[in-house]
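> Coordinates in start_15.csv, CSV, C-alpha atoms, are listed below.
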chain,number,residue,atom,x,y,z
A,227,MET,CA,116.4,108.9,88.2
A,228,ARG,CA,113.7,107.7,90.5
A,229,ILE,CA,114.3,106.8,94.2
A,230,ARG,CA,112.1,105.3,96.9
A,231,LEU,CA,113.0,106.3,100.4
A,232,THR,CA,112.0,105.6,104.0
A,233,GLY,CA,113.4,105.8,107.5
A,234,LYS,CA,112.6,104.7,111.0
A,235,THR,CA,114.1,105.0,114.5
A,236,ASP,CA,113.7,103.1,117.7
A,237,VAL,CA,114.9,103.7,121.3
A,238,GLY,CA,116.1,100.1,121.7
A,239,LEU,CA,115.8,98.0,124.8
A,240,GLN,CA,118.4,99.4,127.1
A,241,ARG,CA,118.1,103.2,126.7
A,242,GLU,CA,115.5,105.5,128.2
A,243,LEU,CA,116.1,108.3,125.6
A,244,ASN,CA,116.5,108.2,121.9
A,245,GLU,CA,119.4,110.4,120.9
A,246,ASP,CA,119.3,109.3,117.2
A,247,ASN,CA,117.6,111.6,114.7
A,248,PHE,CA,117.1,111.3,110.9
A,249,GLY,CA,115.6,113.4,108.2
A,250,ILE,CA,114.4,112.7,104.6
A,251,ILE,CA,113.6,115.2,101.8
A,252,GLU,CA,112.1,113.1,99.1
A,253,ALA,CA,112.0,116.0,96.6
A,254,LEU,CA,115.8,116.2,96.8
A,255,ASN,CA,116.5,112.5,97.4
A,256,LEU,CA,118.3,113.6,100.5
A,257,VAL,CA,118.7,111.5,103.7
A,258,VAL,CA,120.5,112.3,106.9
A,259,VAL,CA,121.1,110.0,109.9
A,260,CYS,CA,122.7,111.1,113.2
A,261,ASP,CA,123.6,109.4,116.4
A,262,GLY,CA,124.0,111.9,119.3
A,263,MET,CA,126.1,111.7,122.4
A,264,GLY,CA,126.2,113.7,125.6
A,265,GLY,CA,124.5,113.7,129.0
A,266,HIS,CA,121.0,115.0,130.0
A,267,ALA,CA,119.6,114.8,126.5
A,268,ALA,CA,122.4,116.9,125.0
A,269,GLY,CA,123.1,114.1,122.5
A,270,GLU,CA,119.5,114.3,121.2
A,271,ILE,CA,120.0,118.1,120.8
A,272,ALA,CA,123.2,117.7,118.9
A,273,SER,CA,121.8,115.1,116.5
A,274,GLN,CA,118.7,117.1,115.8
A,275,SER,CA,120.8,120.2,115.2
A,276,ALA,CA,122.9,118.4,112.7
A,277,VAL,CA,119.8,117.1,110.8
A,278,ASP,CA,118.2,120.5,110.9
A,279,THR,CA,121.4,122.2,109.6
A,280,VAL,CA,121.8,119.9,106.6
A,281,ILE,CA,118.2,119.9,105.6
A,282,ARG,CA,117.6,123.7,106.0
A,283,LEU,CA,120.7,124.6,104.0
A,284,HIS,CA,119.4,122.3,101.2
A,285,THR,CA,115.8,123.7,101.3
A,286,ASP,CA,114.6,127.0,102.8
A,287,SER,CA,117.6,128.8,104.2
A,288,LYS,CA,119.6,131.0,101.8
A,289,PRO,CA,123.0,131.6,103.5
A,290,PRO,CA,124.0,135.3,104.1
A,291,SER,CA,126.0,137.1,101.5
A,292,GLY,CA,129.7,137.0,102.0
A,293,THR,CA,129.8,133.4,103.2
A,294,GLU,CA,130.7,131.8,99.9
A,295,THR,CA,134.0,130.6,101.4
A,296,ALA,CA,132.1,128.2,103.5
A,297,PHE,CA,130.8,126.4,100.4
A,298,ASP,CA,133.6,126.8,97.9
A,299,LEU,CA,135.4,123.5,98.4
A,300,PRO,CA,138.2,122.3,96.1
A,301,GLY,CA,138.4,119.0,94.4
A,302,ASP,CA,137.0,117.0,91.4
A,303,PHE,CA,133.7,116.3,93.0
A,304,SER,CA,130.1,117.2,92.1
A,305,SER,CA,128.7,120.5,93.3
A,306,GLU,CA,126.0,118.4,95.2
A,307,GLY,CA,128.7,116.4,97.0
A,308,LYS,CA,130.7,119.5,97.9
A,309,PHE,CA,127.6,121.4,99.1
A,310,LEU,CA,126.6,118.4,101.3
A,311,THR,CA,130.1,118.4,102.8
A,312,SER,CA,129.8,122.1,103.5
A,313,THR,CA,126.5,121.6,105.3
A,314,VAL,CA,128.1,118.9,107.5
A,315,ARG,CA,131.0,121.3,108.4
A,316,ILE,CA,128.5,124.0,109.3
A,317,ALA,CA,126.6,121.6,111.5
A,318,ASN,CA,129.9,120.9,113.3
A,319,THR,CA,130.4,124.7,113.8
A,320,ARG,CA,126.9,125.2,115.0
A,321,ILE,CA,126.9,122.3,117.5
A,322,HIS,CA,130.3,123.2,118.9
A,323,LYS,CA,129.4,126.9,119.4
A,324,ASN,CA,126.2,125.9,121.4
A,325,ALA,CA,128.1,123.3,123.3
A,326,GLN,CA,130.6,125.9,124.4
A,327,SER,CA,128.1,128.6,125.2
A,328,LYS,CA,125.0,126.9,126.7
A,329,VAL,CA,124.7,125.5,130.2
A,330,GLY,CA,124.2,121.7,130.2
A,331,LEU,CA,125.3,121.1,126.6
A,332,SER,CA,129.1,121.0,127.2
A,333,GLY,CA,130.6,118.0,125.4
A,334,MET,CA,127.7,117.2,123.3
A,335,GLY,CA,128.3,115.8,119.8
A,336,THR,CA,126.9,113.5,117.1
A,337,THR,CA,127.9,111.3,114.3
A,338,VAL,CA,126.4,111.9,110.8
A,339,VAL,CA,126.0,110.0,107.6
A,340,ALA,CA,124.2,111.8,104.8
A,341,ALA,CA,123.4,110.9,101.2
A,342,ILE,CA,122.1,112.8,98.2
A,343,PHE,CA,121.2,111.3,94.8
A,344,HIS,CA,121.9,113.4,91.6
A,345,HIS,CA,122.6,112.8,87.9
A,346,ASP,CA,122.6,108.9,88.4
A,347,ARG,CA,125.1,109.2,91.2
A,348,ILE,CA,125.2,109.2,95.0
A,349,SER,CA,127.2,111.4,97.3
A,350,ILE,CA,127.7,110.1,100.8
A,351,CYS,CA,129.2,112.3,103.5
A,352,HIS,CA,130.0,111.0,107.0
A,353,VAL,CA,131.8,111.7,110.3
A,354,GLY,CA,131.9,109.1,113.1
A,355,ASP,CA,130.7,105.4,113.1
A,356,SER,CA,127.2,105.7,111.6
A,357,ARG,CA,127.4,103.8,108.3
A,358,GLY,CA,126.4,103.7,104.7
A,359,TYR,CA,125.8,100.4,102.9
A,360,ARG,CA,124.8,99.2,99.4
A,361,VAL,CA,123.1,96.0,98.5
A,362,LYS,CA,123.8,95.1,94.9
A,363,ASN,CA,123.4,91.7,93.1
A,364,GLY,CA,123.0,89.9,96.4
A,365,VAL,CA,126.1,91.5,98.0
A,366,LEU,CA,126.3,93.9,101.0
A,367,GLN,CA,129.1,96.4,100.7
A,368,GLN,CA,130.0,98.9,103.4
A,369,LEU,CA,130.6,102.3,101.7
A,370,THR,CA,131.9,104.2,104.8
A,371,GLU,CA,134.9,103.6,107.1
A,372,ASP,CA,134.2,104.0,110.8
A,373,HIS,CA,136.0,106.8,112.5
A,374,SER,CA,136.5,104.7,115.7
A,375,TRP,CA,139.3,103.4,117.8
A,376,VAL,CA,138.4,99.7,117.1
A,377,ASN,CA,138.5,100.4,113.3
A,378,GLU,CA,142.0,101.9,113.7
A,379,LEU,CA,143.1,98.8,115.5
A,380,ILE,CA,141.7,96.6,112.7
A,381,ALA,CA,143.4,98.7,110.1
A,382,ALA,CA,146.7,98.3,112.0
A,383,GLY,CA,146.3,94.5,112.1
A,384,GLN,CA,146.1,94.5,115.9
A,385,LEU,CA,142.5,93.3,116.0
A,386,SER,CA,140.4,91.0,113.8
A,387,ARG,CA,136.8,91.9,112.8
A,388,GLU,CA,135.6,88.9,114.8
A,389,GLU,CA,137.4,90.1,117.9
A,390,ALA,CA,136.1,93.6,117.3
A,391,ARG,CA,132.5,92.5,117.9
A,392,ASP,CA,133.3,91.8,121.6
A,393,PHE,CA,135.9,94.5,122.1
A,394,PRO,CA,135.1,96.4,125.3
A,395,ASN,CA,135.8,99.9,123.8
A,396,ARG,CA,134.3,99.3,120.4
A,397,ASN,CA,132.0,102.4,120.7
A,398,VAL,CA,134.8,104.9,121.2
A,399,ILE,CA,134.9,107.1,118.2
A,400,THR,CA,137.8,109.2,117.0
A,401,ARG,CA,135.8,111.8,115.0
A,402,ALA,CA,132.4,113.4,115.6
A,403,LEU,CA,130.5,116.7,115.0
A,404,GLY,CA,130.6,119.3,117.8
A,405,VAL,CA,133.4,118.0,119.9
A,406,ARG,CA,136.1,120.2,118.3
A,407,GLU,CA,136.0,123.5,116.5
A,408,LYS,CA,137.1,122.0,113.2
A,409,VAL,CA,136.4,118.6,111.7
A,410,LYS,CA,137.5,116.3,108.9
A,411,VAL,CA,134.7,115.1,106.7
A,412,ASP,CA,134.7,112.0,104.4
A,413,LEU,CA,133.0,112.2,101.0
A,414,ARG,CA,132.4,109.3,98.6
A,415,GLU,CA,130.7,109.5,95.2
A,416,GLU,CA,129.8,106.8,92.8
A,417,ARG,CA,127.5,105.6,90.0
A,418,VAL,CA,124.1,104.1,91.0
A,419,ASN,CA,122.1,101.5,89.0
A,420,SER,CA,118.5,100.5,88.9
A,421,GLY,CA,117.8,98.0,91.7
A,422,ASP,CA,120.5,99.2,94.0
A,423,THR,CA,119.4,99.5,97.6
A,424,PHE,CA,121.3,101.8,100.0
A,425,LEU,CA,121.2,101.8,103.8
A,426,LEU,CA,122.2,104.5,106.2
A,427,CYS,CA,122.2,103.5,109.9
A,428,SER,CA,123.4,104.3,113.4
A,429,ASP,CA,125.8,101.9,115.1
A,430,GLY,CA,122.8,100.7,117.2
A,431,LEU,CA,121.8,98.6,114.2
A,432,VAL,CA,125.2,97.1,113.2
A,433,GLY,CA,126.3,96.6,116.8
A,434,CYS,CA,123.5,94.1,117.3
A,435,LEU,CA,122.9,92.7,113.8
A,436,PRO,CA,125.6,91.0,111.8
A,437,ASP,CA,126.2,91.9,108.2
A,438,GLU,CA,124.9,88.6,106.9
A,439,ASP,CA,121.6,89.2,108.8
A,440,ILE,CA,121.3,92.7,107.3
A,441,LEU,CA,121.8,91.3,103.8
A,442,GLU,CA,119.2,88.6,104.4
A,443,ILE,CA,116.6,91.0,105.7
A,444,VAL,CA,117.2,93.6,102.9
A,445,THR,CA,117.1,90.9,100.2
A,446,ALA,CA,114.0,89.2,101.6
A,447,GLY,CA,112.1,92.5,101.8
A,448,GLY,CA,112.3,93.2,98.1
A,449,ASP,CA,110.7,96.6,97.4
A,450,ASP,CA,108.8,96.9,100.7
A,451,LEU,CA,111.2,99.4,102.4
A,452,ASP,CA,109.0,99.9,105.4
A,453,LYS,CA,109.0,96.2,106.2
A,454,ILE,CA,112.7,96.1,105.7
A,455,ALA,CA,113.2,98.9,108.2
A,456,ASP,CA,110.9,97.3,110.7
A,457,ASP,CA,112.6,93.9,110.3
A,458,LEU,CA,116.1,95.5,110.7
A,459,ILE,CA,115.0,97.2,113.9
A,460,ALA,CA,113.4,94.0,115.2
A,461,GLY,CA,116.5,92.1,114.4
A,462,ALA,CA,118.7,94.6,116.3
A,463,ASN,CA,116.4,94.4,119.3
A,464,SER,CA,116.5,90.6,119.2
A,465,GLY,CA,120.3,90.9,119.2
A,466,GLY,CA,120.2,92.9,122.5
A,467,GLY,CA,118.9,96.3,121.5
A,468,ASP,CA,121.6,97.9,123.7
A,469,ASP,CA,121.5,101.2,121.8
A,470,ASN,CA,119.2,103.5,119.9
A,471,ILE,CA,118.5,102.1,116.4
A,472,THR,CA,118.0,104.2,113.3
A,473,CYS,CA,117.9,103.1,109.6
A,474,ALA,CA,117.1,104.9,106.4
A,475,LEU,CA,116.6,102.9,103.1
A,476,MET,CA,116.9,104.2,99.6
A,477,GLN,CA,116.1,102.1,96.6
A,478,VAL,CA,117.0,103.1,93.0
A,479,LEU,CA,113.9,102.4,90.9
A,480,GLU,CA,115.3,103.8,87.7
A,481,ALA,CA,118.7,105.2,86.6
A,482,GLY,CA,120.3,106.0,83.3
A,483,GLU,CA,122.5,103.6,81.5
A,484,PRO,CA,126.2,103.8,82.5
A,485,GLY,CA,128.3,105.9,80.2
A,486,ASP,CA,132.0,105.7,79.3
A,487,ASP,CA,132.9,108.2,82.0
A,488,ASP,CA,131.3,106.2,84.8
A,489,SER,CA,134.5,104.6,86.1
A,490,GLY,CA,133.7,103.6,89.7
A,491,PHE,CA,133.8,105.7,92.8
A,492,VAL,CA,135.9,108.5,94.1
A,493,ALA,CA,136.5,109.1,97.8
A,494,PHE,CA,138.3,111.9,99.7
A,495,THR,CA,138.7,113.1,103.3
A,496,PHE,CA,138.4,116.9,103.4
A,497,PRO,CA,140.9,118.3,105.9
A,498,GLU,CA,140.0,120.6,108.7
A,499,GLU,CA,138.8,124.0,107.7
A,500,SER,CA,141.1,127.0,107.2
A,501,ASP,CA,140.5,130.0,109.5
A,502,SER,CA,138.7,131.9,106.7
A,503,GLU,CA,136.4,129.0,106.0
A,504,LEU,CA,135.7,128.6,109.7
A,505,GLN,CA,134.8,132.3,110.0
A,506,ALA,CA,132.3,132.0,107.1
A,507,GLN,CA,130.8,128.8,108.7
A,508,GLN,CA,130.3,130.6,112.0
A,509,VAL,CA,128.4,133.4,110.2
A,510,VAL,CA,126.1,130.8,108.6
A,511,ALA,CA,125.7,128.9,111.9
A,512,ASP,CA,124.7,132.1,113.7
A,513,PHE,CA,122.2,132.9,110.9
A,514,LEU,CA,120.6,129.5,111.3
A,515,ASP,CA,120.2,129.9,115.0
A,516,GLU,CA,118.8,133.4,114.7
A,517,THR,CA,116.3,132.5,112.0
A,518,TYR,CA,115.2,129.4,113.9
A,519,VAL,CA,114.4,131.4,117.0
A,520,GLU,CA,112.5,134.1,115.0
A,521,ALA,CA,110.5,131.5,113.2
A,522,ARG,CA,109.3,129.8,116.4
A,523,PRO,CA,106.2,131.3,118.1
A,524,VAL,CA,107.1,132.1,121.6
A,525,SER,CA,104.7,133.6,124.2
A,526,GLU,CA,105.6,136.9,125.8
A,527,ASP,CA,106.2,135.2,129.2
A,528,ALA,CA,108.0,132.2,127.8
A,529,ASP,CA,111.2,131.3,129.5
A,530,ILE,CA,112.4,129.2,126.5
A,531,THR,CA,113.7,131.3,123.7
A,532,ASP,CA,115.8,128.9,121.6
A,533,GLU,CA,115.7,125.5,120.0
A,534,PHE,CA,118.2,123.9,122.4
A,535,GLU,CA,116.4,124.9,125.6
A,536,ALA,CA,113.1,123.9,123.9
A,537,GLN,CA,114.4,120.4,123.4
A,538,ARG,CA,115.2,119.8,127.0
A,539,PRO,CA,113.0,117.1,128.7
A,540,LYS,CA,110.0,118.7,130.4
A,541,SER,CA,108.8,117.7,133.8
A,542,ARG,CA,105.8,115.4,133.6
A,543,PRO,CA,102.6,116.8,135.2
A,544,LEU,CA,102.0,113.5,137.1
A,545,LEU,CA,105.5,113.5,138.6
A,546,ARG,CA,105.1,117.1,139.6
A,547,PHE,CA,101.8,116.4,141.3
A,548,LEU,CA,103.2,113.4,143.2
A,549,ALA,CA,106.1,115.5,144.3
A,550,ILE,CA,103.7,118.1,145.7
A,551,ILE,CA,101.8,115.4,147.6
A,552,LEU,CA,104.9,114.0,149.1
A,553,VAL,CA,106.0,117.4,150.3
A,554,ILE,CA,102.6,118.0,151.9
A,555,ILE,CA,102.7,114.6,153.6
A,556,ALA,CA,106.2,115.3,154.9
A,557,ILE,CA,105.1,118.7,156.4
A,558,ILE,CA,102.1,117.1,158.1
A,559,TYR,CA,104.3,114.3,159.5
A,560,ILE,CA,106.8,116.7,160.9
A,561,ALA,CA,104.1,118.9,162.4
A,562,TYR,CA,102.5,115.9,164.1
A,563,ALA,CA,105.8,114.4,165.3
A,564,PHE,CA,106.9,117.7,167.0
A,565,ASP,CA,103.4,118.9,167.9
A,566,ILE,CA,103.9,122.2,166.1
A,567,GLY,CA,101.1,124.6,166.9
A,568,GLY,CA,99.1,121.9,168.5
A,569,ALA,CA,99.1,119.9,165.3
A,570,LYS,CA,99.1,116.5,167.1
A,571,GLU,CA,95.7,117.2,168.7
A,572,ILE,CA,94.2,118.7,165.5
A,573,ILE,CA,95.4,115.8,163.4
A,574,SER,CA,94.3,113.2,165.9
A,575,ASP,CA,90.8,114.7,166.1
A,576,TRP,CA,90.7,114.9,162.3
A,577,LEU,CA,91.6,111.2,162.0
A,578,GLY,CA,89.2,110.2,164.7
A,579,MET,CA,91.9,108.9,167.0
A,580,THR,CA,90.8,110.6,170.2
Mind turning this structure into structure tokens?

Amino acid sequence: MRIRLTGKTDVGLQRELNEDNFGIIEALNLVVVCDGMGGHAAGEIASQSAVDTVIRLHTDSKPPSGTETAFDLPGDFSSEGKFLTSTVRIANTRIHKNAQSKVGLSGMGTTVVAAIFHHDRISICHVGDSRGYRVKNGVLQQLTEDHSWVNELIAAGQLSREEARDFPNRNVITRALGVREKVKVDLREERVNSGDTFLLCSDGLVGCLPDEDILEIVTAGGDDLDKIADDLIAGANSGGGDDNITCALMQVLEAGEPGDDDSGFVAFTFPEESDSELQAQQVVADFLDETYVEARPVSEDADITDEFEAQRPKSRPLLRFLAIILVIIAIIYIAYAFDIGGAKEIISDWLGMT
């Protein structure tokens, strides 16, 4: 199986900070898209932590011994799909732990949609309202179900999809990583075919770009995935750009012929973890935090000693300089106004006013 992949993100037109993050590992045909939430850049930290967790556990981080329970999931799914689900659960544990223990990160969380291709199949894992789509034979199909209040109202027949587009609370989600100690994770697996194009995206794309426009852009772009990504982002910005916009595209260049056992898709919602699974996940999450800190070069006098503090916005040198100038001007003004230490005469002489 051969896959072409690309991904892009944009801050949009209404936000000052991009709290979306994504990651792509071409060698593994692995893609992760996350949309963070939380004040003072905490959302950006949560989404980056989720991407980091999923990717590192798939690449260079061997979990500590004795944590097999965190990865030993039941069910008739591929080992790749179950491992992807496990990494998402561990991401939840890691974000929740740091949200509870670090100043300024309380309440942070993130959505996630992640996909991995293997053995002519795709496994898609998601929590929240970031979405997965497939374009096949000129048809756009949503492969994920939003974990949101508005989607629950639609499912209950209390709201139409047309009404949902202008619903005032359409961004309220019912499931996310980091907000609770345990999390439910959805997994979908199905056969892929040559020519299929898959799209993972944050809600900043679909909130400003209707499905018919997404289909038109993907179809018109052909095999130029970078152009498709640019056009999708441009289209969302033209539609208002009221949120961060992230999209990752995956095109199946070559897949095997379907066999007799390729009978459509399977989907499942993994329930919240047992206590023993959660304990194993916490060990893995601690391991990831510790190895991340040890791997980063930190000077002896550095105040920042972990990834979360490191990702906080830094004061800009120009703003710092202007603040100092304003303080000096204020001191001079007060000294002149109240003639402190003969300041009025000194300043007047200096300005040539006497």
> Using only C-alpha atoms, can you list as a VMD selection string the residues within 12 Å of (112.2, 100.7, 117.5)?
chain A and resid 233 to 241 243 to 244 246 430 to 431 455 to 464 467 to 473
> Considering only C-alpha atoms, return as a PyMOL selection string whatever protein or nucleic-acid residues lie within 10 Å of A:Asp278, sequence-local ones (same chain, fewer than 6 positions apart) excluded.
chain A and resi 247-249+258+272+284+317+514+518
> Export C-alpha atoms of the chosen residues as a CSV table (one decimal), keeping the file's coordinate frame?

chain,number,residue,atom,x,y,z
A,247,ASN,CA,117.6,111.6,114.7
A,248,PHE,CA,117.1,111.3,110.9
A,249,GLY,CA,115.6,113.4,108.2
A,258,VAL,CA,120.5,112.3,106.9
A,272,ALA,CA,123.2,117.7,118.9
A,284,HIS,CA,119.4,122.3,101.2
A,317,ALA,CA,126.6,121.6,111.5
A,514,LEU,CA,120.6,129.5,111.3
A,518,TYR,CA,115.2,129.4,113.9
> Have a look at atom CA of A:Ile342 and atom CA of A:Ser502 and let me know their distance in Å, one decimal.
26.7 Å
> Might you pull out every residue within 12 Å of A:Ala446, with only C-alpha atoms counted and same-chain residues fewer than 4 positions away left off, and present them as an mmCIF file with C-alpha atoms, in the coordinates of the input?

data_model
loop_
_atom_site.group_PDB
_atom_site.id
_atom_site.type_symbol
_atom_site.label_atom_id
_atom_site.label_comp_id
_atom_site.auth_asym_id
_atom_site.auth_seq_id
_atom_site.Cartn_x
_atom_site.Cartn_y
_atom_site.Cartn_z
ATOM 1 C CA VAL A 361 123.100 96.000 98.500
ATOM 2 C CA GLY A 364 123.000 89.900 96.400
ATOM 3 C CA ASP A 439 121.600 89.200 108.800
ATOM 4 C CA ILE A 440 121.300 92.700 107.300
ATOM 5 C CA LEU A 441 121.800 91.300 103.800
ATOM 6 C CA GLU A 442 119.200 88.600 104.400
ATOM 7 C CA ASP A 450 108.800 96.900 100.700
ATOM 8 C CA LEU A 451 111.200 99.400 102.400
ATOM 9 C CA LYS A 453 109.000 96.200 106.200
ATOM 10 C CA ILE A 454 112.700 96.100 105.700
ATOM 11 C CA ALA A 455 113.200 98.900 108.200
ATOM 12 C CA ASP A 457 112.600 93.900 110.300
ATOM 13 C CA LEU A 458 116.100 95.500 110.700
#
> Looking at A:Gln507, A:Glu270, A:Pro436, A:Ile251, which one is nearest to A:Asp298, with distances taken over only C-alpha atoms?
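Checking each candidate against A:Asp298, we get A:Gln507 as the closest.
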> Would you pick out the contacts of A:Met227 at 10 Å or less, using all atoms listed in the file, so that residues sharing its chain but fewer than 4 positions from it are not included, and give the list as an mmCIF file with C-alpha atoms, in the coordinates of the input?

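Once written, out_25.cif looks like this:
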data_model
loop_
_atom_site.group_PDB
_atom_site.id
_atom_site.type_symbol
_atom_site.label_atom_id
_atom_site.label_comp_id
_atom_site.auth_asym_id
_atom_site.auth_seq_id
_atom_site.Cartn_x
_atom_site.Cartn_y
_atom_site.Cartn_z
ATOM 1 C CA ASN A 255 116.500 112.500 97.400
ATOM 2 C CA PHE A 343 121.200 111.300 94.800
ATOM 3 C CA HIS A 344 121.900 113.400 91.600
ATOM 4 C CA HIS A 345 122.600 112.800 87.900
ATOM 5 C CA ASP A 346 122.600 108.900 88.400
ATOM 6 C CA ARG A 347 125.100 109.200 91.200
ATOM 7 C CA VAL A 418 124.100 104.100 91.000
ATOM 8 C CA ASN A 419 122.100 101.500 89.000
ATOM 9 C CA SER A 420 118.500 100.500 88.900
ATOM 10 C CA VAL A 478 117.000 103.100 93.000
ATOM 11 C CA LEU A 479 113.900 102.400 90.900
ATOM 12 C CA GLU A 480 115.300 103.800 87.700
ATOM 13 C CA ALA A 481 118.700 105.200 86.600
ATOM 14 C CA GLY A 482 120.300 106.000 83.300
#
> Taking only C-alpha atoms into account, which of A:Leu369, A:Leu379, A:Asn318, A:Ala556 comes nearest A:Gly404?
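Answer, going by the shortest atom-to-atom distance: A:Asn318.
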> Calculated over all atoms listed in the file, which of the candidates A:Gly568, A:Gly265, A:Ser275, A:Asp392 has the smallest distance to A:Thr319?
A:Ser275
> Quick one: of A:Arg401, A:Arg360, A:Arg387, A:His352, who's nearest to A:His373, counting only C-alpha atoms?
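For A:His373, the nearest of the candidates is A:Arg401.
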> What is the atom CA of A:Asp449 to atom CA of A:Ala474 distance in Å?
13.8 Å
> Let me make sure I understand: among A:Gln477, A:Met263, A:Gly269, A:Gln505, which one has the smallest atom-to-atom distance to A:Glu294 if we use all atoms listed in the file?
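Ranking A:Gln477, A:Met263, A:Gly269, A:Gln505 by distance to A:Glu294, first place goes to A:Gln505.
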> What's the 10 Å shell around stretch 412-414 of chain A, counting all atoms listed in the file, without same-chain residues fewer than 4 positions away, as a list in words?
Phe303, Gly307, Lys308, Leu310, Thr311, Val339, Ala340, Ala341, Ile348, Ser349, Ile350, Cys351, His352, Val353, Gly354, Leu369, Thr370, Glu371, His373, Phe491, Val492, Ala493, Phe494, Thr495, Phe496 and Pro497 of chain A
> Take atom CA of A:Val314 and atom CA of A:Pro484 and report the distance between them in Å, one decimal.
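Calculated distance between atom CA of A:Val314 and atom CA of A:Pro484 is 29.3 Å.
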